[in-house]
Amino acid sequence: MEPIKGRVYKFGDDINTDVIYPGKYLSITTDREEMAKHCFETVYPAFLKDARPGDIIVAGRNFGCGSSREQAATCLRYFGIAGVVAESFARIFYRNAINLGLPVLVAPGITRVVQHGDTIVIDLEKGSVTHTRTGTTTESSRLPDFVLGILQDGGLIAHLRRSLSRGGEQGVE
Amino acid sequence: MTIAEKILARAASRTSVKPGEVVTAKIDVAMSHENADVVLRAFREIGLDKVWDPERIVILFDHRIPAESEKTAITHQRIRNFVAEQGIEHFYDLKEGICHQVLPESGLSRPGEVMVGTDSHTTTHGAFGTFATGIGATEMAGVWATGELWFTVPASMRINVTGAFRKCVSAKDLILKVIGMLGAAGADYRSVEFRGTTITSMTIASRMVLTNLSMEMGAKVAFCIPDDKTIAYVRERTREEFTVLLPDGDAVYADEIEVDVSDLASMVACPHSVDNVKPVSEVAGARIDQALIGSCTNGRLEDLAIAAEVLYGKRVAAGVRLLVIPASRRVYLEAVQKGYVEVFLRAGGLVLNPGCGPCLGAHQGLLAPGEVCISTTNRNFKGRMGSPESSVYLASPATVACSAIAGAITEPAPGSGQ
C-alpha cells in the first residue's frame, strides 16, 4: 500500500465511540455521508469546522473505547479521515476501522513527538510513522499480512467479495 | 489452557492454542439488535442470497423500542422483512427485552460456545462460560456469510474474589471497584476470569453484572467458571447439547489480582468515565434530578427486588424522576407478580417497557444541560444520556434507590429499606 501523508488532528486518551458518534444519531443506519456530518459533533464540535478530508487523527491511549457502534469508524472514513494513529486502540473500534478500510496504526510514543497541525506520513507496509518537519520516524507494530490484505481491498466486504468469488475462504492462513 | 484458550481451540478444531496466535473460529451464536440493519446492508453488498445458518443467527430489538422515530420504524420493518426472507427463527422483535437478558433466558448462552454480538456488552454471556464478545456490523456480515471469524487468542487475567458482601453491597460495587483499580484500558484485549468463593456463591444474575461491565475495562471476553448453578440454569432453558469447558489447573495467566470484598463499601463511577470510581460516601449529598434502575447491567429481578425493598412505603424526593426499566418481559412479569411494580408506582416512580431505555442516549428520559442522573447502567461518558452538559453517576440498584428517596446521592446504610 502507498504511504499516506496528511495533516494531524490530535486527540487525548480514552476517546470513546459515544464522543466520536453521538447515540442520538444511531438511527442513521445506511446513509454514510449523513453519518460523516456528525463526527465528534456533541463534545468536540470544532472538529467539523476545522478538520479536513485527508487529515490523520493522532490520539492517545484506548482510542475508540466503549460501544461497538460501527458508525464511529464509518463517520470518520466517510468524512475523509485518511487514517488513525494512536498509542493504543480499543479492540472493537480497531477491527471496525480495518473492516471499513480505514487505516489504523498503533504507534507507542506518537503523542509525544507529533503536534496538532503537523504533517506525518504513515507507512502501513513498514509499520512506521514519519514526522515530515523533523524527519523523526516512530516505529509501530506492523499489521499481519491478512489484515493488510483487508485494508488493501478497501475493507472486509470488498475482500470477501473477492475471496468468495475465487471460491476461497476468508481464513487467516 | 485457560477457559478462553480451551473454547477457541475447540472452535478452531485445534488441540491447543497460545495467546497471540491468530485462529479462525466457528461461530455458535451470532446476535444483533437494531444494528442488524447495518449488517444486512453490508451482507447484501457481499452479494450472497442466503445466510450461512439461519438457526445460529439471533435478532431482536432493544435499543430504540417502541420505535422512537419514523427512521427507526423503517429500520425495524427492514429487519423484519429480512428475518422472514432468511427464515431466522430466533427473532424476538421488540417484545422480549434486552439482548443480554433475553438470550440467556432463551437458553442461547451456553458453556463452551463462541458467541459474537454487534453489541459491546456481549461479554455478559461469559457468565455462562461462553466465549462471548462484541464485533462491528461489517464483521457480522462476514459471519452471516461464512460462519467464521478470526480472533487473536487473548492473554488471560485472573481475578480471585473472596469474602462476603456487607448488606447493600453487591456485584456492581465489586466490579466498579475493580474497574477503578485497573482503569478503562486495564484489561484491554484480555480474557478475564472471575474466580473464588465470592463468585461461586453469587447468583447467575450477579455474575452477569461482572462480565457485563468487564467491557468497560477493555476486556475482549470475561468469564465466571461454569458450575452446577450455571449448568442447571442453562439446562432448564434449552435442549441443545453443549460441552462445559473449564480452565486447566496449570493454565497460564498474564496477571492475577486478589480482591477481598468483606470491607467493600458501596461504590460510584463519577462523571465522565467509568474508571473514575469513588466510595459513595465521598460524593454523598450531590444533588440528582433523575434516578434510573435498569439496563443490561442491573435490570434483573434481584436488582428490582433490592430497589423495591428500599423503596417500600417511601416516596421519591420531590423534583426527582425515578425511572425503572425491567431488563426483559419475563423480569417485568415476575416483578409484577412479586409486587415490586406496585412499590415503584406508589413511590412515585415510572416503570417503562423492557429495553435499553435512555442508557445510550436515544430516547425515554434524556438529560437537559446541568441535570444529574444516578443510574445502574454501564456508561457515563460525556453526553451519553443527553446533553453534553449533563452528568451521570453509575452505582448499584441499592444506592440508586436510596438516592432517589433522598434526592441526593446517598450511601445505602445496612438495614435501609423495610
# chains A, B, ... in the order shown; residues from 1 in each chain; ligands from 1
$ interface_residues --of "chain B" --to "chain A" --cutoff "6 Å" --atoms "only C-alpha atoms" --output "list in words"
Val38, Ile46, Thr72, Asp119, Ser120, Ile135, Gly136, Leu360, Gly361 and Ala362 of chain B
$ residues_around --residues "region 166-181 of chain B" --least-positions-apart "4" --cutoff "6 Å" --atoms "only C-alpha atoms" --output "list of chain:residue names"
B:Ser206, B:Leu210, B:Met217, B:Ser266, B:Met267, B:Asp275, B:Val277, B:Ser396, B:Pro414
$ select_by_dssp --residues "chain A" --states "strand (DSSP E)" --output "ChimeraX atom specification"
/A:4-10,56-59,83-86,104-106,119-123,128-131,137-139
$ residues_around --residues "Glu258 (chain B)" --least-positions-apart "4" --cutoff "8 Å" --atoms "only C-alpha atoms" --output "PDB file with all heavy atoms, in the first residue's frame"
ATOM      1  N   ILE B 159      -8.980 -12.880  38.285  1.00  0.00           N
ATOM      2  CA  ILE B 159      -9.352 -12.031  39.420  1.00  0.00           C
ATOM      3  C   ILE B 159      -9.989 -12.929  40.474  1.00  0.00           C
ATOM      4  O   ILE B 159     -11.077 -13.473  40.267  1.00  0.00           O
ATOM      5  CB  ILE B 159     -10.313 -10.902  38.979  1.00  0.00           C
ATOM      6  CG1 ILE B 159      -9.636 -10.038  37.888  1.00  0.00           C
ATOM      7  CG2 ILE B 159     -10.723 -10.040  40.179  1.00  0.00           C
ATOM      8  CD1 ILE B 159     -10.467  -8.881  37.363  1.00  0.00           C
ATOM      9  N   ASN B 160      -9.260 -13.136  41.562  1.00  0.00           N
ATOM     10  CA  ASN B 160      -9.745 -14.017  42.636  1.00  0.00           C
ATOM     11  C   ASN B 160     -10.493 -13.186  43.666  1.00  0.00           C
ATOM     12  O   ASN B 160      -9.928 -12.242  44.223  1.00  0.00           O
ATOM     13  CB  ASN B 160      -8.566 -14.706  43.329  1.00  0.00           C
ATOM     14  CG  ASN B 160      -7.809 -15.603  42.377  1.00  0.00           C
ATOM     15  OD1 ASN B 160      -8.402 -16.410  41.660  1.00  0.00           O
ATOM     16  ND2 ASN B 160      -6.497 -15.445  42.345  1.00  0.00           N
ATOM     17  N   VAL B 161     -11.740 -13.542  43.893  1.00  0.00           N
ATOM     18  CA  VAL B 161     -12.552 -12.742  44.804  1.00  0.00           C
ATOM     19  C   VAL B 161     -12.970 -13.601  45.996  1.00  0.00           C
ATOM     20  O   VAL B 161     -13.540 -14.682  45.822  1.00  0.00           O
ATOM     21  CB  VAL B 161     -13.807 -12.187  44.091  1.00  0.00           C
ATOM     22  CG1 VAL B 161     -14.510 -11.153  44.971  1.00  0.00           C
ATOM     23  CG2 VAL B 161     -13.446 -11.563  42.746  1.00  0.00           C
ATOM     24  N   THR B 162     -12.690 -13.095  47.186  1.00  0.00           N
ATOM     25  CA  THR B 162     -13.068 -13.822  48.395  1.00  0.00           C
ATOM     26  C   THR B 162     -13.803 -12.884  49.360  1.00  0.00           C
ATOM     27  O   THR B 162     -13.747 -11.669  49.214  1.00  0.00           O
ATOM     28  CB  THR B 162     -11.815 -14.374  49.119  1.00  0.00           C
ATOM     29  OG1 THR B 162     -10.876 -13.301  49.274  1.00  0.00           O
ATOM     30  CG2 THR B 162     -11.167 -15.495  48.330  1.00  0.00           C
TER      31      THR B 162
END
$ atom_distance --atom1 "CA of Thr119 (chain A)" --atom2 "CA of Thr136 (chain A)"
11.6 Å
$ residues_around --residues "Cys296 (chain B)" --least-positions-apart "6" --cutoff "9 Å" --atoms "only C-alpha atoms" --output "compact mmCIF listing (two decimals) with N, CA and C atoms, in the first residue's frame"
# COMPACT_ATOMS: atom_id res chain seq x y z
N ILE B 98 -34.03 -6.81 26.60
CA ILE B 98 -32.64 -6.53 26.25
C ILE B 98 -31.91 -7.82 25.86
N CYS B 99 -31.14 -7.76 24.80
CA CYS B 99 -30.46 -8.96 24.28
C CYS B 99 -29.69 -9.70 25.37
N HIS B 100 -29.00 -8.98 26.24
CA HIS B 100 -28.14 -9.66 27.22
C HIS B 100 -28.92 -10.27 28.37
N GLN B 101 -30.24 -10.14 28.33
CA GLN B 101 -31.09 -10.89 29.26
C GLN B 101 -31.91 -11.92 28.50
N HIS B 121 -21.44 -5.01 24.96
CA HIS B 121 -21.66 -5.72 26.22
C HIS B 121 -21.95 -7.21 26.05
N THR B 124 -21.15 -10.06 28.51
CA THR B 124 -22.06 -10.52 29.58
C THR B 124 -22.20 -12.05 29.60
N MET B 208 -23.50 -11.99 36.01
CA MET B 208 -23.66 -11.27 34.73
C MET B 208 -23.28 -9.78 34.86
N VAL B 209 -23.41 -9.23 36.04
CA VAL B 209 -23.00 -7.83 36.26
C VAL B 209 -21.48 -7.71 36.06
N ASN B 212 -20.57 -8.32 32.29
CA ASN B 212 -21.11 -7.19 31.52
C ASN B 212 -20.18 -5.99 31.61
N ALA B 327 -35.29 -5.58 32.66
CA ALA B 327 -34.43 -5.97 31.54
C ALA B 327 -35.18 -6.78 30.48
N GLY B 355 -36.22 -2.80 27.78
CA GLY B 355 -35.38 -2.32 26.68
C GLY B 355 -34.22 -1.55 27.26
N CYS B 356 -33.45 -0.91 26.38
CA CYS B 356 -32.25 -0.19 26.81
C CYS B 356 -32.58 1.17 27.41
N THR B 377 -26.82 1.85 35.10
CA THR B 377 -26.37 1.44 33.77
C THR B 377 -24.85 1.30 33.72
N ASN B 378 -24.28 1.29 32.53
CA ASN B 378 -22.88 0.91 32.40
C ASN B 378 -21.95 1.98 31.83
$ residues_around --residues "Arg315 (chain B)" --least-positions-apart "3" --cutoff "8 Å" --atoms "only C-alpha atoms" --output "tab-separated table (two decimals) with N, CA and C atoms, in the first residue's frame"
chain	number	residue	atom	x	y	z
B	311	LEU	N	-37.45	0.99	48.55
B	311	LEU	CA	-38.48	1.98	48.25
B	311	LEU	C	-39.84	1.67	48.91
B	346	ARG	N	-46.22	3.31	43.66
B	346	ARG	CA	-46.65	4.02	44.88
B	346	ARG	C	-45.58	5.02	45.34
B	347	ALA	N	-44.31	4.69	45.07
B	347	ALA	CA	-43.22	5.58	45.48
B	347	ALA	C	-43.11	6.79	44.55
B	348	GLY	N	-43.86	6.77	43.45
B	348	GLY	CA	-43.80	7.89	42.51
B	348	GLY	C	-42.89	7.64	41.34
B	405	ILE	N	-34.84	8.45	46.98
B	405	ILE	CA	-35.66	8.86	48.14
B	405	ILE	C	-35.11	10.16	48.74
$ decode --residues "region 343-379 of chain B" --atoms "N, CA, C and O atoms" --output "PDB file, in the first residue's frame"
ATOM      1  N   VAL B 343     -44.808  -1.251  44.259  1.00  0.00           N
ATOM      2  CA  VAL B 343     -43.954  -0.450  45.161  1.00  0.00           C
ATOM      3  C   VAL B 343     -43.380   0.754  44.414  1.00  0.00           C
ATOM      4  O   VAL B 343     -43.413   1.888  44.912  1.00  0.00           O
ATOM      5  N   PHE B 344     -42.892   0.522  43.189  1.00  0.00           N
ATOM      6  CA  PHE B 344     -42.287   1.626  42.420  1.00  0.00           C
ATOM      7  C   PHE B 344     -43.338   2.692  42.093  1.00  0.00           C
ATOM      8  O   PHE B 344     -43.067   3.884  42.184  1.00  0.00           O
ATOM      9  N   LEU B 345     -44.518   2.221  41.700  1.00  0.00           N
ATOM     10  CA  LEU B 345     -45.565   3.175  41.325  1.00  0.00           C
ATOM     11  C   LEU B 345     -46.028   3.986  42.537  1.00  0.00           C
ATOM     12  O   LEU B 345     -46.191   5.197  42.464  1.00  0.00           O
ATOM     13  N   ARG B 346     -46.224   3.315  43.658  1.00  0.00           N
ATOM     14  CA  ARG B 346     -46.647   4.020  44.880  1.00  0.00           C
ATOM     15  C   ARG B 346     -45.582   5.015  45.343  1.00  0.00           C
ATOM     16  O   ARG B 346     -45.894   6.047  45.933  1.00  0.00           O
ATOM     17  N   ALA B 347     -44.313   4.692  45.071  1.00  0.00           N
ATOM     18  CA  ALA B 347     -43.218   5.585  45.478  1.00  0.00           C
ATOM     19  C   ALA B 347     -43.110   6.793  44.551  1.00  0.00           C
ATOM     20  O   ALA B 347     -42.348   7.720  44.818  1.00  0.00           O
ATOM     21  N   GLY B 348     -43.863   6.766  43.455  1.00  0.00           N
ATOM     22  CA  GLY B 348     -43.802   7.894  42.514  1.00  0.00           C
ATOM     23  C   GLY B 348     -42.886   7.641  41.337  1.00  0.00           C
ATOM     24  O   GLY B 348     -42.532   8.576  40.610  1.00  0.00           O
ATOM     25  N   GLY B 349     -42.511   6.382  41.148  1.00  0.00           N
ATOM     26  CA  GLY B 349     -41.631   6.042  40.015  1.00  0.00           C
ATOM     27  C   GLY B 349     -42.410   5.798  38.734  1.00  0.00           C
ATOM     28  O   GLY B 349     -43.643   5.666  38.743  1.00  0.00           O
ATOM     29  N   LEU B 350     -41.666   5.762  37.646  1.00  0.00           N
ATOM     30  CA  LEU B 350     -42.259   5.488  36.342  1.00  0.00           C
ATOM     31  C   LEU B 350     -41.659   4.157  35.888  1.00  0.00           C
ATOM     32  O   LEU B 350     -40.433   4.012  35.878  1.00  0.00           O
ATOM     33  N   VAL B 351     -42.497   3.168  35.540  1.00  0.00           N
ATOM     34  CA  VAL B 351     -41.979   1.866  35.104  1.00  0.00           C
ATOM     35  C   VAL B 351     -42.165   1.765  33.591  1.00  0.00           C
ATOM     36  O   VAL B 351     -43.283   1.757  33.100  1.00  0.00           O
ATOM     37  N   LEU B 352     -41.040   1.717  32.875  1.00  0.00           N
ATOM     38  CA  LEU B 352     -41.068   1.736  31.406  1.00  0.00           C
ATOM     39  C   LEU B 352     -41.042   0.325  30.837  1.00  0.00           C
ATOM     40  O   LEU B 352     -40.820  -0.650  31.554  1.00  0.00           O
ATOM     41  N   ASN B 353     -41.221   0.238  29.525  1.00  0.00           N
ATOM     42  CA  ASN B 353     -41.183  -1.070  28.873  1.00  0.00           C
ATOM     43  C   ASN B 353     -39.751  -1.620  28.869  1.00  0.00           C
ATOM     44  O   ASN B 353     -38.786  -0.854  28.829  1.00  0.00           O
ATOM     45  N   PRO B 354     -39.609  -2.962  28.895  1.00  0.00           N
ATOM     46  CA  PRO B 354     -38.271  -3.556  28.849  1.00  0.00           C
ATOM     47  C   PRO B 354     -37.506  -3.074  27.616  1.00  0.00           C
ATOM     48  O   PRO B 354     -38.086  -2.963  26.530  1.00  0.00           O
ATOM     49  N   GLY B 355     -36.219  -2.803  27.779  1.00  0.00           N
ATOM     50  CA  GLY B 355     -35.385  -2.316  26.685  1.00  0.00           C
ATOM     51  C   GLY B 355     -34.220  -1.549  27.260  1.00  0.00           C
ATOM     52  O   GLY B 355     -34.004  -1.527  28.479  1.00  0.00           O
ATOM     53  N   CYS B 356     -33.449  -0.912  26.378  1.00  0.00           N
ATOM     54  CA  CYS B 356     -32.246  -0.194  26.812  1.00  0.00           C
ATOM     55  C   CYS B 356     -32.578   1.168  27.411  1.00  0.00           C
ATOM     56  O   CYS B 356     -31.729   1.776  28.068  1.00  0.00           O
ATOM     57  N   GLY B 357     -33.784   1.669  27.161  1.00  0.00           N
ATOM     58  CA  GLY B 357     -34.181   2.946  27.736  1.00  0.00           C
ATOM     59  C   GLY B 357     -33.255   4.084  27.320  1.00  0.00           C
ATOM     60  O   GLY B 357     -32.751   4.094  26.196  1.00  0.00           O
ATOM     61  N   PRO B 358     -32.982   5.025  28.232  1.00  0.00           N
ATOM     62  CA  PRO B 358     -32.170   6.183  27.864  1.00  0.00           C
ATOM     63  C   PRO B 358     -30.669   5.918  27.957  1.00  0.00           C
ATOM     64  O   PRO B 358     -29.883   6.824  27.687  1.00  0.00           O
ATOM     65  N   CYS B 359     -30.255   4.707  28.342  1.00  0.00           N
ATOM     66  CA  CYS B 359     -28.838   4.420  28.615  1.00  0.00           C
ATOM     67  C   CYS B 359     -27.936   4.930  27.510  1.00  0.00           C
ATOM     68  O   CYS B 359     -26.896   5.529  27.772  1.00  0.00           O
ATOM     69  N   LEU B 360     -28.313   4.684  26.257  1.00  0.00           N
ATOM     70  CA  LEU B 360     -27.430   5.055  25.154  1.00  0.00           C
ATOM     71  C   LEU B 360     -27.812   6.388  24.512  1.00  0.00           C
ATOM     72  O   LEU B 360     -27.266   6.766  23.474  1.00  0.00           O
ATOM     73  N   GLY B 361     -28.723   7.110  25.123  1.00  0.00           N
ATOM     74  CA  GLY B 361     -28.988   8.460  24.659  1.00  0.00           C
ATOM     75  C   GLY B 361     -29.927   8.570  23.480  1.00  0.00           C
ATOM     76  O   GLY B 361     -29.898   9.559  22.764  1.00  0.00           O
ATOM     77  N   ALA B 362     -30.759   7.538  23.264  1.00  0.00           N
ATOM     78  CA  ALA B 362     -31.659   7.597  22.114  1.00  0.00           C
ATOM     79  C   ALA B 362     -33.015   8.207  22.465  1.00  0.00           C
ATOM     80  O   ALA B 362     -33.557   8.984  21.695  1.00  0.00           O
ATOM     81  N   HIS B 363     -33.565   7.846  23.613  1.00  0.00           N
ATOM     82  CA  HIS B 363     -34.930   8.286  23.967  1.00  0.00           C
ATOM     83  C   HIS B 363     -35.262   7.914  25.411  1.00  0.00           C
ATOM     84  O   HIS B 363     -34.391   7.450  26.136  1.00  0.00           O
ATOM     85  N   GLN B 364     -36.482   8.136  25.824  1.00  0.00           N
ATOM     86  CA  GLN B 364     -37.026   7.667  27.115  1.00  0.00           C
ATOM     87  C   GLN B 364     -36.293   8.188  28.353  1.00  0.00           C
ATOM     88  O   GLN B 364     -35.924   7.403  29.216  1.00  0.00           O
ATOM     89  N   GLY B 365     -36.107   9.497  28.433  1.00  0.00           N
ATOM     90  CA  GLY B 365     -35.538  10.007  29.690  1.00  0.00           C
ATOM     91  C   GLY B 365     -34.158  10.609  29.529  1.00  0.00           C
ATOM     92  O   GLY B 365     -33.262  10.323  30.338  1.00  0.00           O
ATOM     93  N   LEU B 366     -33.975  11.418  28.498  1.00  0.00           N
ATOM     94  CA  LEU B 366     -32.667  12.063  28.279  1.00  0.00           C
ATOM     95  C   LEU B 366     -32.536  13.280  29.203  1.00  0.00           C
ATOM     96  O   LEU B 366     -33.516  13.770  29.749  1.00  0.00           O
ATOM     97  N   LEU B 367     -31.296  13.741  29.330  1.00  0.00           N
ATOM     98  CA  LEU B 367     -30.991  14.774  30.326  1.00  0.00           C
ATOM     99  C   LEU B 367     -30.771  16.142  29.687  1.00  0.00           C
ATOM    100  O   LEU B 367     -30.170  16.250  28.612  1.00  0.00           O
ATOM    101  N   ALA B 368     -31.259  17.182  30.373  1.00  0.00           N
ATOM    102  CA  ALA B 368     -31.064  18.568  29.932  1.00  0.00           C
ATOM    103  C   ALA B 368     -29.717  19.089  30.456  1.00  0.00           C
ATOM    104  O   ALA B 368     -29.132  18.484  31.363  1.00  0.00           O
ATOM    105  N   PRO B 369     -29.227  20.193  29.901  1.00  0.00           N
ATOM    106  CA  PRO B 369     -27.965  20.770  30.414  1.00  0.00           C
ATOM    107  C   PRO B 369     -28.051  21.002  31.918  1.00  0.00           C
ATOM    108  O   PRO B 369     -29.074  21.482  32.413  1.00  0.00           O
ATOM    109  N   GLY B 370     -27.000  20.640  32.619  1.00  0.00           N
ATOM    110  CA  GLY B 370     -26.936  20.854  34.062  1.00  0.00           C
ATOM    111  C   GLY B 370     -27.592  19.769  34.896  1.00  0.00           C
ATOM    112  O   GLY B 370     -27.436  19.738  36.114  1.00  0.00           O
ATOM    113  N   GLU B 371     -28.332  18.860  34.255  1.00  0.00           N
ATOM    114  CA  GLU B 371     -29.016  17.819  35.034  1.00  0.00           C
ATOM    115  C   GLU B 371     -28.056  16.691  35.420  1.00  0.00           C
ATOM    116  O   GLU B 371     -27.072  16.426  34.744  1.00  0.00           O
ATOM    117  N   VAL B 372     -28.429  16.028  36.520  1.00  0.00           N
ATOM    118  CA  VAL B 372     -27.609  14.938  37.063  1.00  0.00           C
ATOM    119  C   VAL B 372     -28.479  13.690  37.192  1.00  0.00           C
ATOM    120  O   VAL B 372     -29.591  13.756  37.705  1.00  0.00           O
ATOM    121  N   CYS B 373     -27.940  12.561  36.729  1.00  0.00           N
ATOM    122  CA  CYS B 373     -28.652  11.290  36.859  1.00  0.00           C
ATOM    123  C   CYS B 373     -27.769  10.301  37.597  1.00  0.00           C
ATOM    124  O   CYS B 373     -26.565  10.216  37.331  1.00  0.00           O
ATOM    125  N   ILE B 374     -28.353   9.575  38.545  1.00  0.00           N
ATOM    126  CA  ILE B 374     -27.642   8.429  39.126  1.00  0.00           C
ATOM    127  C   ILE B 374     -28.308   7.187  38.563  1.00  0.00           C
ATOM    128  O   ILE B 374     -29.535   7.087  38.527  1.00  0.00           O
ATOM    129  N   SER B 375     -27.496   6.265  38.074  1.00  0.00           N
ATOM    130  CA  SER B 375     -28.033   5.213  37.225  1.00  0.00           C
ATOM    131  C   SER B 375     -27.334   3.882  37.474  1.00  0.00           C
ATOM    132  O   SER B 375     -26.144   3.836  37.792  1.00  0.00           O
ATOM    133  N   THR B 376     -28.085   2.796  37.296  1.00  0.00           N
ATOM    134  CA  THR B 376     -27.475   1.460  37.431  1.00  0.00           C
ATOM    135  C   THR B 376     -26.891   0.982  36.100  1.00  0.00           C
ATOM    136  O   THR B 376     -26.522  -0.182  35.974  1.00  0.00           O
ATOM    137  N   THR B 377     -26.816   1.854  35.095  1.00  0.00           N
ATOM    138  CA  THR B 377     -26.370   1.438  33.767  1.00  0.00           C
ATOM    139  C   THR B 377     -24.851   1.296  33.721  1.00  0.00           C
ATOM    140  O   THR B 377     -24.197   1.234  34.764  1.00  0.00           O
ATOM    141  N   ASN B 378     -24.285   1.291  32.531  1.00  0.00           N
ATOM    142  CA  ASN B 378     -22.875   0.914  32.404  1.00  0.00           C
ATOM    143  C   ASN B 378     -21.946   1.980  31.830  1.00  0.00           C
ATOM    144  O   ASN B 378     -20.741   1.765  31.751  1.00  0.00           O
ATOM    145  N   ARG B 379     -22.465   3.110  31.387  1.00  0.00           N
ATOM    146  CA  ARG B 379     -21.570   4.134  30.827  1.00  0.00           C
ATOM    147  C   ARG B 379     -22.019   5.516  31.270  1.00  0.00           C
ATOM    148  O   ARG B 379     -23.216   5.807  31.283  1.00  0.00           O
TER     149      ARG B 379
END
